[in-house]
Amino acid sequence: MKRVLILYHSGAGSTKTIAEVYRETLHDLSPDLMPITLPFPYEILHHYDLIILGFPTYHGEAPSSMVQFVESMPLFEPQKAVFLFTTYGLYPANALYHLGKMLKEKNYVLSYTAGYRAPATDAALLLPPIKPLFRYDKNTVKKLNNHLEQIRKCIESSLVVEIKPRFRLHALLNYPNQYFGKRVKHQLSVDNTMCVQCNRCVDQCILTCWQSGSSSLVPVYDNTHCEFCFKCVHHCPANAIMLSSKTKIRPKFNQVFYQKRKDELLSYLNNEEIRR
Ligand SMILES: Cc1cc2nc3c(=O)[nH]c(=O)nc-3n(C[C@H](O)[C@H](O)[C@H](O)COP(=O)(O)O)c2cc1C
Ligand code: SF4
Ligand code: SF4
């Protein structure tokens with residue numbers, strides 16, 4: 001049987017949710033599911049026939065950790081098929097196109113690409129709560145159904161079928177937003193009186209921006225390499241990490257939120273009428 005690996009990078013959890021839904025709905029193929037880590041044990045990729053690779057769109061591009069992951073990838077021989085997907089808040093610009101090009105340079109060819117709209121995890125903290133920024137695609141279930149079919153086709157095909165992702169010319173209008181968005185450096189802080197010293201922020205940050213404190217047990221943050229995915233802010237169990245005192249009271253996208261979304265998607269996908 002062909003082997004499938006679902007690899008994902010996710011900040012708050014939208015991309016992880018889609019990756020988990022793929023795994024559960026493709027259970028007959030027993031796919032493996034793995035979060036991307038830096039460094040990454042690239043040699044395991046040789047064991048799989050199809051890689052499903054998911055990432056969130058940040059500033060119209062792939063996050064810096066994802067770029068690092070692909071840049072450090074060894075050249076693959078022979079060609080390997082990749083199903084690439086992204087989640088985005090409003091507009092994914094050319095994120096799929098650019099990452100697809102980088103993968104091609106490593107001999108990973110795109111067999112399909114997909115995008116899913118999800119709540120904007122940055123806007124939740126940075127902007128006033130405007131409804132359009134917190135919507136899912138109305139047709140997420142239909143999309144998922146179609147994409148799951150495409151994944152099965154990729155697996156059944158004995159050839160590595162290559163598609164060329166579309167370059168969106170109008171994404172150039174989004175360039176100022178991308179340019180300035182990428183250059184803003186936030187400074188996260190911890191409320192020492194609230195921190196319960198669980199070390200979750202230290203364990204979960206892909207770019208190791210949090211270190212266990214030496215003099216106190218409250219972790220210490222360094223924003224030098226931070227990609228501002230806000231995973232640590234959304235997932236701190238004590239709500240102790242903040243961008244500013246104003247954002248402290250903003251609703252958080254935590255594990256409970258994404259578990260609910262995943263259960264909802266799986267129940268819809270199992271419902272014949274909603275699926276169509
Ligand atoms: C730093 C940052 C930048 C973002 N930039 C964009 C963007 O340019 N376009 C967009 O549509 N969504 C953008 N978003 C929203 C995310 O793409 C969206 O919330 C995504 O589903 C998050 O997935 P995750 O929870 O797996 O990280 C951004 C989010 C963050 C945290
Ligand atoms: S996740 Fe929150 S509570 Fe846990 S160590 Fe980090 S700041 Fe403290
Ligand atoms: S410190 Fe927080 S916001 Fe920055 S990369 Fe790590 S988890 Fe993401």
# chains A, B, ... in the order shown; residues from 1 in each chain; ligands from 1
>>> residues_near_ligand(ligand="ligand 2", cutoff="6 Å", atoms="only C-alpha atoms and all ligand atoms", output="list in words")
Val190, Cys195, Val196, Gln197, Cys198, Asn199, Arg200, Cys201, Val218, Pro219, Cys236, Pro237, Ala238, Ala240 and Ile241 of chain A
>>> residues_near_ligand(ligand="ligand 3", cutoff="7 Å", atoms="only C-alpha atoms and all ligand atoms", output="VMD selection string")
chain A and resid 11 201 204 to 210 221 223 226 to 233
>>> write_last_selection(atoms="N, CA and C atoms", output="JSON list (two decimals), in the first residue's frame")
[["chain", "number", "residue", "atom", "x", "y", "z"],
["A", 11, "GLY", "N", 0.15, 27.85, 13.54],
["A", 11, "GLY", "CA", 0.30, 28.74, 14.69],
["A", 11, "GLY", "C", -0.79, 28.42, 15.69],
["A", 201, "CYS", "N", 4.74, 27.39, 26.50],
["A", 201, "CYS", "CA", 5.28, 28.33, 25.49],
["A", 201, "CYS", "C", 6.68, 27.91, 25.06],
["A", 204, "GLN", "N", 6.36, 24.67, 22.83],
["A", 204, "GLN", "CA", 5.59, 24.69, 21.58],
["A", 204, "GLN", "C", 6.07, 25.69, 20.53],
["A", 205, "CYS", "N", 6.99, 26.55, 20.86],
["A", 205, "CYS", "CA", 7.41, 27.55, 19.85],
["A", 205, "CYS", "C", 8.42, 26.92, 18.89],
["A", 206, "ILE", "N", 8.07, 26.88, 17.62],
["A", 206, "ILE", "CA", 8.93, 26.25, 16.60],
["A", 206, "ILE", "C", 10.26, 26.99, 16.45],
["A", 207, "LEU", "N", 10.26, 28.29, 16.78],
["A", 207, "LEU", "CA", 11.48, 29.09, 16.57],
["A", 207, "LEU", "C", 12.24, 29.33, 17.88],
["A", 208, "THR", "N", 11.92, 28.56, 18.90],
["A", 208, "THR", "CA", 12.55, 28.62, 20.23],
["A", 208, "THR", "C", 12.77, 30.06, 20.74],
["A", 209, "CYS", "N", 11.70, 30.84, 20.67],
["A", 209, "CYS", "CA", 11.78, 32.23, 21.14],
["A", 209, "CYS", "C", 11.63, 32.32, 22.67],
["A", 210, "TRP", "N", 11.13, 31.24, 23.27],
["A", 210, "TRP", "CA", 10.96, 31.24, 24.73],
["A", 210, "TRP", "C", 11.99, 30.31, 25.36],
["A", 221, "TYR", "N", 11.31, 35.73, 26.95],
["A", 221, "TYR", "CA", 11.00, 35.82, 25.51],
["A", 221, "TYR", "C", 12.03, 36.68, 24.78],
["A", 223, "ASN", "N", 12.37, 38.27, 20.86],
["A", 223, "ASN", "CA", 11.60, 38.37, 19.61],
["A", 223, "ASN", "C", 12.47, 38.34, 18.34],
["A", 226, "CYS", "N", 11.13, 35.63, 16.15],
["A", 226, "CYS", "CA", 9.68, 35.38, 16.27],
["A", 226, "CYS", "C", 8.96, 35.67, 14.94],
["A", 227, "GLU", "N", 8.07, 34.76, 14.53],
["A", 227, "GLU", "CA", 7.29, 35.01, 13.30],
["A", 227, "GLU", "C", 5.90, 35.53, 13.65],
["A", 228, "PHE", "N", 5.64, 35.76, 14.92],
["A", 228, "PHE", "CA", 4.40, 36.35, 15.41],
["A", 228, "PHE", "C", 3.17, 35.56, 14.96],
["A", 229, "CYS", "N", 3.29, 34.25, 15.13],
["A", 229, "CYS", "CA", 2.16, 33.37, 14.81],
["A", 229, "CYS", "C", 1.11, 33.46, 15.92],
["A", 230, "PHE", "N", 1.52, 33.93, 17.10],
["A", 230, "PHE", "CA", 0.66, 34.12, 18.27],
["A", 230, "PHE", "C", 0.14, 32.82, 18.87],
["A", 231, "LYS", "N", 0.79, 31.73, 18.54],
["A", 231, "LYS", "CA", 0.41, 30.46, 19.16],
["A", 231, "LYS", "C", 0.55, 30.55, 20.69],
["A", 232, "CYS", "N", 1.68, 31.12, 21.13],
["A", 232, "CYS", "CA", 1.91, 31.18, 22.58],
["A", 232, "CYS", "C", 0.84, 32.04, 23.26],
["A", 233, "VAL", "N", 0.41, 33.11, 22.58],
["A", 233, "VAL", "CA", -0.61, 34.00, 23.18],
["A", 233, "VAL", "C", -1.95, 33.27, 23.26]]
>>> residues_near_ligand(ligand="ligand 1", cutoff="9 Å", atoms="only C-alpha atoms and all ligand atoms", output="PyMOL selection string")
chain A and resi 8-18+54-61+63+86-93+95+116-124+133-134+174+177-178+181-182+227-231+253
>>> closest_residue(among="A:Thr37, A:Gln150, A:Ser157, A:Thr193", to="Ser65 of chain A", atoms="only C-alpha atoms")
A:Thr37
>>> select_by_dssp(residues="segment 209-246 of chain A", states="strand (DSSP E)", output="MDAnalysis selection string")
chainID A and resid 210:211 220:221 241:242
>>> write_last_selection(atoms="C-alpha atoms", output="PDB file, in the first residue's frame")
ATOM      1  CA  TRP A 210      10.956  31.239  24.733  1.00  0.00           C
ATOM      2  CA  GLN A 211      13.594  29.963  27.183  1.00  0.00           C
ATOM      3  CA  VAL A 220      11.910  34.623  29.030  1.00  0.00           C
ATOM      4  CA  TYR A 221      11.002  35.823  25.511  1.00  0.00           C
ATOM      5  CA  ILE A 241       1.183  36.168  27.517  1.00  0.00           C
ATOM      6  CA  MET A 242       0.118  39.382  25.866  1.00  0.00           C
TER       7      MET A 242
END
>>> residues_around(residues="segment 245-248 of chain A", least_positions_apart="6", cutoff="8 Å", atoms="only C-alpha atoms", output="list in words")
Leu125, Leu126 and Asn239 of chain A
>>> write_last_selection(atoms="N, CA and C atoms", output="compact mmCIF listing (two decimals), in the first residue's frame")
# COMPACT_ATOMS: atom_id res chain seq x y z
N LEU A 125 -6.14 39.63 17.68
CA LEU A 125 -5.42 40.33 18.74
C LEU A 125 -5.14 41.79 18.40
N LEU A 126 -5.00 42.07 17.09
CA LEU A 126 -4.52 43.39 16.70
C LEU A 126 -5.62 44.37 16.28
N ASN A 239 -3.49 32.57 30.27
CA ASN A 239 -3.74 33.85 29.60
C ASN A 239 -2.72 34.90 30.06
>>> closest_residue(among="A:Gln187, A:Ile249, A:Tyr258, A:Gly213", to="His225 of chain A", atoms="only C-alpha atoms")
A:Gln187
>>> residues_around(residues="Ile6 of chain A", least_positions_apart="4", cutoff="9 Å", atoms="only C-alpha atoms", output="PyMOL selection string")
chain A and resi 19-20+22-23+31-35+50-54
>>> write_last_selection(atoms="N, CA and C atoms", output="short mmCIF file (atom, residue, chain, number, x, y, z; two decimals), in the first residue's frame")
data_model
loop_
_atom_site.label_atom_id
_atom_site.label_comp_id
_atom_site.auth_asym_id
_atom_site.auth_seq_id
_atom_site.Cartn_x
_atom_site.Cartn_y
_atom_site.Cartn_z
N ALA A 19 -5.37 19.51 8.90
CA ALA A 19 -4.48 18.34 8.80
C ALA A 19 -5.09 17.15 9.55
N GLU A 20 -5.66 17.41 10.72
CA GLU A 20 -6.26 16.32 11.52
C GLU A 20 -7.53 15.79 10.86
N TYR A 22 -8.04 15.71 7.61
CA TYR A 22 -7.52 14.85 6.53
C TYR A 22 -7.19 13.47 7.09
N ARG A 23 -6.44 13.47 8.20
CA ARG A 23 -6.01 12.17 8.73
C ARG A 23 -7.21 11.30 9.08
N PRO A 31 -2.70 7.27 7.10
CA PRO A 31 -1.64 8.28 6.92
C PRO A 31 -0.99 8.63 8.25
N ASP A 32 0.29 8.99 8.20
CA ASP A 32 0.96 9.49 9.41
C ASP A 32 0.77 11.00 9.45
N LEU A 33 0.72 11.52 10.65
CA LEU A 33 0.52 12.97 10.84
C LEU A 33 1.66 13.50 11.70
N MET A 34 2.29 14.58 11.26
CA MET A 34 3.46 15.09 12.00
C MET A 34 3.53 16.60 11.92
N PRO A 35 3.78 17.28 13.05
CA PRO A 35 4.04 18.72 12.94
C PRO A 35 5.47 18.94 12.45
N LEU A 50 3.33 10.00 -0.95
CA LEU A 50 2.71 11.32 -1.10
C LEU A 50 2.85 12.10 0.20
N ILE A 51 3.28 13.35 0.06
CA ILE A 51 3.36 14.23 1.23
C ILE A 51 2.23 15.26 1.10
N ILE A 52 1.41 15.36 2.14
CA ILE A 52 0.41 16.44 2.20
C ILE A 52 1.01 17.48 3.14
N LEU A 53 1.20 18.68 2.62
CA LEU A 53 1.94 19.68 3.39
C LEU A 53 1.06 20.91 3.61
N GLY A 54 0.84 21.26 4.87
CA GLY A 54 -0.06 22.38 5.18
C GLY A 54 0.66 23.49 5.94
#
